[in-house]
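final-v8.txt (compact mmCIF, C-alpha atoms)
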```txt
# COMPACT_ATOMS: atom_id res chain seq x y z
CA MET A 1 1.50 22.38 -4.13
CA SER A 2 -0.24 25.70 -3.63
CA ALA A 3 -0.28 27.51 -0.31
CA GLU A 4 -4.04 27.79 -0.89
CA LEU A 5 -4.57 24.14 0.03
CA VAL A 6 -6.00 25.50 3.30
CA PRO A 7 -7.36 29.07 3.20
CA VAL A 8 -4.60 31.50 4.18
CA GLU A 9 -6.88 33.52 6.44
CA ARG A 10 -7.34 30.50 8.72
CA PHE A 11 -3.64 30.57 9.56
CA ASP A 12 -3.50 34.36 9.88
CA VAL A 13 -6.18 34.16 12.55
CA ALA A 14 -4.63 31.14 14.27
CA TRP A 15 -1.05 32.39 14.56
CA PRO A 16 0.46 35.89 14.66
CA GLY A 17 2.96 37.26 12.14
CA ASP A 18 5.67 34.98 10.82
CA ALA A 19 4.25 32.01 12.73
CA ALA A 20 1.28 31.95 10.33
CA ARG A 21 3.63 31.68 7.35
CA SER A 22 5.58 28.89 9.06
CA ALA A 23 2.35 27.03 9.84
CA ARG A 24 1.20 27.32 6.22
CA ASN A 25 4.53 26.04 4.89
CA LEU A 26 4.64 23.09 7.28
CA THR A 27 1.03 22.23 6.43
CA GLU A 28 1.87 22.17 2.72
CA ILE A 29 4.76 19.79 3.36
CA TRP A 30 2.62 17.65 5.65
CA LEU A 31 -0.04 17.29 2.94
CA MET A 32 2.59 16.49 0.32
CA SER A 33 3.85 13.64 2.51
CA PHE A 34 0.69 11.68 1.60
CA ARG A 35 1.13 9.97 -1.77
CA SER A 36 -2.58 9.77 -2.54
CA GLN A 37 -4.10 12.91 -4.04
CA HIS A 38 -7.43 11.72 -2.69
CA THR A 39 -6.02 11.71 0.86
CA ARG A 40 -4.55 15.17 0.36
CA VAL A 41 -7.88 16.58 -0.79
CA ALA A 42 -9.79 14.91 2.08
CA TYR A 43 -7.27 16.08 4.70
CA ARG A 44 -7.27 19.61 3.29
CA ARG A 45 -11.04 19.70 3.76
CA ASP A 46 -10.88 18.15 7.23
CA LEU A 47 -8.20 20.53 8.48
CA THR A 48 -10.07 23.55 7.10
CA SER A 49 -13.14 22.36 9.01
CA TRP A 50 -11.14 22.05 12.24
CA LEU A 51 -9.59 25.51 11.90
CA ALA A 52 -13.06 26.96 11.28
CA TRP A 53 -14.30 25.19 14.43
CA CYS A 54 -11.44 26.69 16.48
CA GLU A 55 -12.29 30.12 15.10
CA ARG A 56 -15.94 29.61 16.00
CA LEU A 57 -14.94 28.77 19.59
CA GLY A 58 -12.60 31.76 19.72
CA ILE A 59 -9.45 29.70 20.38
CA ARG A 60 -6.12 29.34 18.62
CA PRO A 61 -5.36 25.80 17.36
CA ALA A 62 -2.23 25.77 19.51
CA ASP A 63 -4.42 26.37 22.58
CA ALA A 64 -7.04 23.75 21.73
CA ARG A 65 -7.59 21.00 24.24
CA MET A 66 -9.20 17.58 24.17
CA ALA A 67 -12.53 19.03 25.31
CA HIS A 68 -12.64 21.23 22.22
CA VAL A 69 -12.14 18.17 20.00
CA ASP A 70 -14.84 16.29 21.92
CA LEU A 71 -17.24 19.19 21.34
CA TRP A 72 -16.38 19.09 17.63
CA ILE A 73 -17.17 15.38 17.51
CA GLU A 74 -20.59 15.94 19.07
CA HIS A 75 -21.24 18.89 16.76
CA GLN A 76 -20.55 16.66 13.73
CA ARG A 77 -23.00 14.08 15.04
CA THR A 78 -25.73 16.72 15.29
CA GLU A 79 -25.12 17.33 11.58
CA ALA A 80 -25.56 13.59 10.87
CA ALA A 81 -21.91 13.01 9.90
CA ALA A 82 -20.98 9.34 9.48
CA GLU A 83 -18.93 7.82 12.28
CA THR A 84 -16.27 6.80 9.74
CA SER A 85 -16.01 10.40 8.53
CA ILE A 86 -15.67 11.69 12.08
CA ALA A 87 -12.96 9.12 12.84
CA ARG A 88 -11.07 10.14 9.68
CA ARG A 89 -11.24 13.83 10.63
CA ILE A 90 -9.88 13.14 14.10
CA SER A 91 -7.06 11.05 12.60
CA CYS A 92 -6.32 13.92 10.23
CA ILE A 93 -5.95 16.63 12.85
CA SER A 94 -4.05 14.26 15.15
CA SER A 95 -1.54 13.66 12.34
CA TRP A 96 -1.30 17.42 11.69
CA TYR A 97 -0.63 18.24 15.35
CA ARG A 98 2.01 15.52 15.57
CA TYR A 99 3.73 17.00 12.51
CA LEU A 100 3.76 20.50 13.98
CA ILE A 101 5.02 19.21 17.32
CA ASP A 102 7.74 17.04 15.77
CA ASN A 103 8.99 19.92 13.63
CA THR A 104 8.72 22.86 16.03
CA GLY A 105 8.37 21.41 19.51
CA ALA A 106 11.98 22.29 20.37
CA ASP A 107 11.78 25.82 18.89
CA PRO A 108 11.79 28.88 21.18
CA VAL A 109 8.16 29.51 20.13
CA PRO A 110 6.71 26.19 18.90
CA LEU A 111 3.60 26.12 16.75
CA ALA A 112 2.13 23.39 18.96
CA VAL A 113 3.17 21.45 22.04
CA TYR A 114 0.01 19.45 22.71
CA ASN A 115 -2.10 17.13 20.55
CA PRO A 116 -5.77 17.61 21.52
CA ALA A 117 -6.94 14.91 19.12
CA LYS A 118 -5.71 12.10 21.38
CA THR A 119 -9.21 11.64 22.70
CA ARG A 120 -11.11 8.58 23.84
CA ALA A 121 -14.20 10.05 22.17
CA LYS A 122 -12.90 9.19 18.69
CA PRO A 123 -15.45 6.79 17.17
CA LYS A 124 -14.53 3.13 17.33
CA ILE A 125 -14.92 1.62 13.87
CA ASP A 126 -15.63 -2.07 13.31
CA PRO A 127 -12.36 -3.46 11.85
CA ASP A 128 -14.39 -5.50 9.34
CA TYR A 129 -16.46 -2.53 8.22
CA THR A 130 -15.73 -0.65 5.02
CA SER A 131 -17.67 2.16 3.39
CA THR A 132 -16.01 1.39 0.04
CA VAL A 133 -18.51 0.22 -2.57
CA GLY A 134 -17.60 -2.82 -4.68
CA LEU A 135 -19.09 -4.70 -7.63
CA SER A 136 -20.70 -8.06 -8.14
CA THR A 137 -19.25 -10.36 -10.80
CA ALA A 138 -21.99 -9.37 -13.25
CA GLU A 139 -21.44 -5.67 -12.56
CA ALA A 140 -17.69 -6.04 -13.06
CA ASP A 141 -18.35 -7.70 -16.43
CA ARG A 142 -20.62 -4.81 -17.44
CA LEU A 143 -17.99 -2.29 -16.36
CA ILE A 144 -15.39 -4.00 -18.56
CA GLN A 145 -17.82 -3.95 -21.49
CA ALA A 146 -18.44 -0.22 -20.95
CA ALA A 147 -14.67 0.40 -20.81
CA ASP A 148 -14.20 -1.51 -24.07
CA MET A 149 -16.76 0.74 -25.73
CA HIS A 150 -15.23 3.90 -24.29
CA SER A 151 -11.55 3.72 -25.31
CA ILE A 152 -8.53 1.42 -25.44
CA THR A 153 -7.06 3.26 -22.44
CA ALA A 154 -10.21 2.70 -20.38
CA ALA A 155 -10.30 -0.95 -21.43
CA ALA A 156 -6.69 -1.53 -20.34
CA LEU A 157 -7.02 0.42 -17.11
CA VAL A 158 -10.22 -1.25 -15.90
CA ARG A 159 -8.87 -4.71 -16.72
CA LEU A 160 -5.65 -4.02 -14.81
CA LEU A 161 -7.53 -2.76 -11.74
CA LEU A 162 -9.93 -5.72 -11.74
CA THR A 163 -7.46 -8.51 -12.50
CA ASN A 164 -4.57 -7.27 -10.37
CA GLY A 165 -6.35 -5.33 -7.62
CA LEU A 166 -3.72 -2.60 -7.65
CA ARG A 167 -3.81 0.69 -5.80
CA ILE A 168 -4.57 3.46 -8.25
CA GLY A 169 -1.57 5.48 -7.06
CA SER A 170 0.78 2.69 -8.13
CA VAL A 171 -0.89 2.41 -11.53
CA MET A 172 -0.76 6.16 -12.17
CA GLY A 173 2.95 6.19 -11.35
CA ALA A 174 3.83 3.29 -13.69
CA ASP A 175 5.96 3.98 -16.77
CA VAL A 176 6.22 2.13 -20.08
CA GLY A 177 9.71 0.99 -19.06
CA ASP A 178 8.23 -0.78 -16.02
CA LEU A 179 6.74 -3.45 -18.29
CA GLY A 180 8.93 -6.51 -18.79
CA HIS A 181 9.20 -10.31 -18.81
CA ASP A 182 10.19 -12.73 -16.07
CA ARG A 183 10.24 -16.56 -16.37
CA GLY A 184 7.59 -16.64 -19.04
CA HIS A 185 5.37 -14.02 -17.40
CA ARG A 186 4.60 -10.53 -18.60
CA VAL A 187 5.29 -8.38 -15.55
CA LEU A 188 4.89 -4.83 -14.33
CA THR A 189 7.22 -3.36 -11.70
CA LEU A 190 5.41 -0.91 -9.46
CA ARG A 191 6.19 1.35 -6.55
CA VAL A 192 3.71 0.26 -3.92
CA LYS A 193 2.58 1.57 -0.54
CA GLY A 194 5.61 2.34 1.60
CA GLY A 195 7.75 3.22 -1.40
CA THR A 196 9.03 -0.30 -2.12
CA LEU A 197 9.14 -1.89 -5.58
CA LYS A 198 7.00 -4.91 -6.39
CA ARG A 199 6.90 -7.00 -9.57
CA VAL A 200 3.44 -8.35 -10.46
CA PRO A 201 2.44 -10.69 -13.31
CA ILE A 202 -0.05 -9.35 -15.84
CA PRO A 203 -2.37 -12.04 -17.28
CA PRO A 204 -2.73 -12.22 -21.08
CA TYR A 205 -6.38 -11.10 -20.78
CA THR A 206 -5.10 -7.75 -19.50
CA CYS A 207 -1.69 -7.52 -21.11
CA SER A 208 -3.02 -7.96 -24.64
CA VAL A 209 -5.13 -4.84 -24.21
CA ILE A 210 -2.23 -2.89 -22.66
CA ASP A 211 -0.12 -3.85 -25.70
CA ALA A 212 -2.90 -2.69 -28.03
CA MET A 213 -3.09 0.60 -26.13
CA LEU A 214 0.66 1.18 -26.49
CA ASP A 215 0.55 0.15 -30.14
CA ALA A 216 -2.14 2.79 -30.75
CA ARG A 217 0.25 5.37 -29.23
CA GLY A 218 3.13 4.34 -31.50
CA ASN A 219 4.78 2.01 -28.93
CA PRO A 220 6.65 4.67 -26.93
CA ALA A 221 9.83 3.46 -25.22
CA VAL A 222 9.55 5.91 -22.34
CA GLY A 223 6.92 7.93 -20.54
CA PRO A 224 3.81 7.12 -18.51
CA LEU A 225 2.15 3.76 -19.07
CA PHE A 226 -1.32 5.34 -18.93
CA VAL A 227 -2.10 8.80 -20.25
CA THR A 228 -5.20 10.93 -20.68
CA ASN A 229 -6.58 11.75 -24.11
CA ARG A 230 -4.37 14.86 -23.99
CA GLY A 231 -1.25 12.80 -23.43
CA ARG A 232 -0.80 13.67 -19.75
CA ARG A 233 -0.01 11.14 -17.04
CA LEU A 234 -3.19 9.95 -15.37
CA TYR A 235 -4.22 11.78 -12.24
CA GLU A 236 -6.60 10.60 -9.57
CA THR A 237 -9.54 12.93 -10.28
CA TRP A 238 -9.49 11.90 -13.97
CA VAL A 239 -9.63 8.20 -13.05
CA TRP A 240 -12.44 8.71 -10.51
CA ARG A 241 -14.55 10.52 -13.11
CA LEU A 242 -13.85 7.87 -15.73
CA ILE A 243 -14.83 4.99 -13.43
CA ARG A 244 -18.09 6.66 -12.45
CA ARG A 245 -18.97 7.55 -16.05
CA LEU A 246 -18.35 3.96 -17.12
CA ALA A 247 -20.36 2.61 -14.18
CA ALA A 248 -23.29 4.90 -15.00
CA PHE A 249 -23.18 3.80 -18.64
CA ALA A 250 -23.15 0.16 -17.46
CA ALA A 251 -26.30 0.84 -15.39
CA ILE A 252 -24.57 -0.03 -12.12
CA PRO A 253 -26.83 1.26 -9.30
CA GLN A 254 -23.96 2.44 -7.08
CA ALA A 255 -22.21 4.28 -9.92
CA SER A 256 -22.13 7.61 -8.09
CA GLN A 257 -20.31 5.99 -5.14
CA LEU A 258 -17.88 3.78 -7.04
CA SER A 259 -14.16 4.61 -6.87
CA PRO A 260 -10.93 3.11 -8.24
CA HIS A 261 -10.40 1.66 -4.77
CA GLY A 262 -13.75 -0.09 -5.11
CA LEU A 263 -12.29 -2.07 -8.01
CA ARG A 264 -9.45 -3.18 -5.72
CA HIS A 265 -12.04 -4.36 -3.18
CA THR A 266 -13.87 -6.16 -5.98
CA ALA A 267 -10.71 -7.94 -7.15
CA ILE A 268 -9.89 -9.18 -3.63
CA THR A 269 -13.47 -10.32 -3.02
CA GLU A 270 -13.64 -12.17 -6.34
CA LEU A 271 -10.30 -13.85 -5.63
CA ILE A 272 -11.44 -15.20 -2.25
CA ASP A 273 -14.82 -16.24 -3.63
CA SER A 274 -13.01 -18.18 -6.36
CA GLY A 275 -11.41 -20.36 -3.67
CA ALA A 276 -8.19 -18.54 -2.76
CA SER A 277 -7.22 -18.56 0.91
CA LEU A 278 -7.02 -15.40 3.00
CA LEU A 279 -3.23 -15.81 2.99
CA ASP A 280 -3.16 -15.95 -0.82
CA ALA A 281 -5.42 -12.89 -0.99
CA GLN A 282 -3.18 -11.05 1.47
CA GLU A 283 -0.15 -11.67 -0.73
CA PHE A 284 -2.12 -10.66 -3.83
CA ALA A 285 -3.21 -7.39 -2.18
CA MET A 286 0.28 -6.75 -0.75
CA HIS A 287 -1.16 -6.19 2.71
CA ALA A 288 1.12 -6.40 5.74
CA ASP A 289 -1.73 -7.64 7.96
CA PRO A 290 -4.37 -10.24 7.02
CA ARG A 291 -6.93 -8.28 9.03
CA THR A 292 -6.68 -5.56 6.40
CA THR A 293 -7.40 -8.08 3.66
CA ARG A 294 -10.40 -9.34 5.63
CA ARG A 295 -11.83 -5.82 5.67
CA TYR A 296 -11.55 -5.68 1.86
CA TYR A 297 -13.54 -8.89 1.50
CA HIS A 298 -17.15 -7.96 0.80
CA GLY A 299 -18.25 -11.58 1.09
CA LEU A 300 -18.28 -11.30 4.88
CA ASP A 301 -21.80 -9.87 4.75
CA ASN A 302 -23.02 -12.25 2.05
CA LEU A 303 -26.59 -13.08 3.13
CA ASP A 304 -26.64 -16.17 0.93
CA ARG A 305 -24.18 -17.80 3.32
CA HIS A 306 -25.65 -16.46 6.55
CA GLY A 307 -25.36 -18.97 9.37
CA SER A 308 -29.07 -18.85 10.15
CA TYR A 309 -29.85 -20.89 7.02
CA GLY A 310 -27.46 -23.63 8.02
CA LEU A 311 -28.86 -23.76 11.55
CA ALA A 312 -32.45 -23.83 10.33
CA ALA A 313 -31.62 -26.76 8.06
CA ARG A 314 -29.88 -28.53 10.95
CA TYR A 315 -32.86 -28.18 13.28
CA GLY A 316 -35.19 -29.27 10.49
CA ARG A 317 -33.18 -32.44 9.93
CA SER A 318 -33.37 -33.18 13.65
CA ARG A 319 -37.19 -33.04 13.61
CA LEU A 320 -37.36 -35.26 10.52
CA THR A 321 -35.12 -37.84 12.16
CA GLU A 322 -37.30 -37.87 15.29
CA GLY A 323 -40.39 -38.39 13.13
CA ASP A 324 -38.77 -41.33 11.36
CA ASP A 325 -37.88 -42.89 14.71
CA GLU A 326 -41.46 -42.56 15.93
CA ARG A 327 -42.87 -44.13 12.80
CA SER A 328 -40.46 -47.06 13.02
CA SER A 329 -41.27 -47.84 16.71
CA PRO A 330 -43.52 -50.85 17.39
```
If you convert what's in this file into structure tokens, what do you get?
Amino acid sequence: MSAELVPVERFDVAWPGDAARSARNLTEIWLMSFRSQHTRVAYRRDLTSWLAWCERLGIRPADARMAHVDLWIEHQRTEAAAETSIARRISCISSWYRYLIDNTGADPVPLAVYNPAKTRAKPKIDPDYTSTVGLSTAEADRLIQAADMHSITAAALVRLLLTNGLRIGSVMGADVGDLGHDRGHRVLTLRVKGGTLKRVPIPPYTCSVIDAMLDARGNPAVGPLFVTNRGRRLYETWVWRLIRRLAAFAAIPQASQLSPHGLRHTAITELIDSGASLLDAQEFAMHADPRTTRRYYHGLDNLDRHGSYGLAARYGRSRLTEGDDERSSP
């Protein structure tokens, strides 16, 4: 990972001499500790914004206090930043400060000794709210059709994301040798969140296309399961662009906002809507907490099932019953 993940000059202003180099190196390692490239890119941007804010206030990051973070929060609101984005940025710099403190707090000249991001002003986000955009059943069908028309790789990838609801990081890291069989099932062994291995069944609807994809590549015995058209292992930016191109081709209105993670949300929502319990969906999603699964379920704001309709029908029945009673009285 390049030292240019965060502009070098930000560190040179923030710390003197060798301390700036140490801060850059630790920041690189901190960013690499996140498995998702998407998280790394977002946190790089967030940290750069925070360092620029410190420079604007004329303070070193090591000298920043909670009040400076609170001012930054209000400044972001004046620029119409979403509350979820503000909360993510505060989480980012809090994580960064903790990393600096944990690694240098006992040094003769630590890079940081105080975490100013531990503020009560951090936006409180509804635990059921998600900004991730998903698909309806019809839209998911159109996306699959668009993938089929695009390439065998796209067809296999989109099917796997929609039928198994996998994190894109796990899919990108899968190798051909991770495919296998277990008790009559075609299975794929993946490294999931937390670094553990998980074996998941692949339905014939998806596996048949994966087999066709590998057959088109000469059935390699080793190497990445999914590759780009240049033969490289998939990377997150490539997948994001593919999903959005396919969605635009399929005339999906939210194409410009759709992400690989949105297909995971779609899979979980479709599973629950098909009759699966929250517990079943939690196991399917490999979530440690059912509250996380609940947040992925886009059916929570389904207006078709809004309680007001049921109550209106209940009150209506009550009036009809009263009318019947009046008509039947002598």
Seminar exercise, completed: Here atom CA of A:Glu74 and atom CA of A:Ile86 stand apart by 9.5 Å
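Taking all atoms listed in the file into account, those protein, DNA and RNA residues with any atom at most 12 Å away from (12.2, 1.8, -22.1) amount to A:Ala174, A:Asp175, A:Val176, A:Gly177, A:Asp178, A:Leu179, A:Gly180, A:Asn219, A:Pro220, A:Ala221, A:Val222, A:Gly223, A:Pro224, A:Leu225.
Separating atom CA of A:Ile93 from atom CA of A:Asp70 is a distance of 12.7 Å.
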For this session: Give as a PyMOL selection string each residue that has an atom at most 10 Å from (-4.0, 10.2, -25.9) in the file, counting only C-alpha atoms.
Result: chain A and resi 151-153+213+216-217+226-233
Problem set entry | Atom pair atom CA of A:Thr293 / atom CA of A:Ala281: separation (Å) | 7.0 Å
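Among the candidate residues A:Leu157, A:Ala138, A:Ile168, A:Ala112, the one lying nearest to A:Gln37 is A:Ile168, with distances computed using all atoms listed in the file.
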Exercise. Which neighbours of A:Phe34 fall inside 12 Å, counting all atoms listed in the file, when residues of the same chain fewer than 6 positions from it are skipped, and could you give them as number ranges by chain?
Worked result: A: 27-28, 40-44, 92, 95-96, 169, 193-195
Problem set entry | Selected residue, from A:Leu197, A:Met286, A:Ala154, A:Ala117, that lies nearest to A:Val239 when counting all atoms listed in the file | A:Ala154
Report the centre and edge lengths, in Å to one decimal, of an axis-aligned box enclosing every atom of stretch 92-95 of chain A listed in the file, padded by 3 Å on each side, as lines of an AutoDock Vina configuration file.
```
center_x = -3.9
center_y = 15.1
center_z = 12.7
size_x = 10.8
size_y = 9.0
size_z = 10.9
```
Exercise. Hey, what's within 10 Å of A:Val200 if we count all atoms listed in the file and toss same-chain stuff fewer than 2 positions away? As number ranges by chain, please?
Worked result: A: 164, 166, 179, 182, 185-190, 197-198, 202-203, 284
For this session: Pick out the residues sitting within 10 Å of A:Gln145, and hand them over as a list in words; count only C-alpha atoms, and ignore anything fewer than 5 positions along from it in its own chain.
Result: Glu139, Ala140, His150, Ala155, Val158, Leu246, Phe249 and Ala250 of chain A
Problem set entry | Non-local contacts of stretch 259-265 of chain A (10 Å; only C-alpha atoms; under 6 positions in same chain excluded) as JSON, numbers by chain | {"A": [130, 131, 132, 133, 134, 135, 140, 158, 159, 160, 161, 162, 163, 164, 165, 166, 167, 168, 169, 236, 239, 240, 241, 242, 243, 244, 247, 271, 285, 293, 295, 296, 297, 298]}
Set the distance at 9 Å and use all atoms listed in the file: which residues neighbour A:Met66 once local chain neighbours fewer than 6 positions away are removed? I'd like the list as a PDB file with C-alpha atoms, in the coordinates of the input.
```
ATOM      1  CA  ASN A 115      -2.100  17.130  20.550  1.00  0.00           C
ATOM      2  CA  PRO A 116      -5.770  17.610  21.520  1.00  0.00           C
ATOM      3  CA  ALA A 117      -6.940  14.910  19.120  1.00  0.00           C
ATOM      4  CA  LYS A 118      -5.710  12.100  21.380  1.00  0.00           C
ATOM      5  CA  THR A 119      -9.210  11.640  22.700  1.00  0.00           C
TER       6      THR A 119
END
```
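Counting all atoms listed in the file and comparing A:Asp280, A:Asp18, A:Asp148, A:Asp63, the residue that lies closest to A:Tyr97 is A:Asp63.
With all atoms listed in the file as the atoms that count, the minimum distance from A:Leu71 to the choices A:Gln257, A:Tyr99, A:Lys122, A:Ser94 is reached by A:Lys122.
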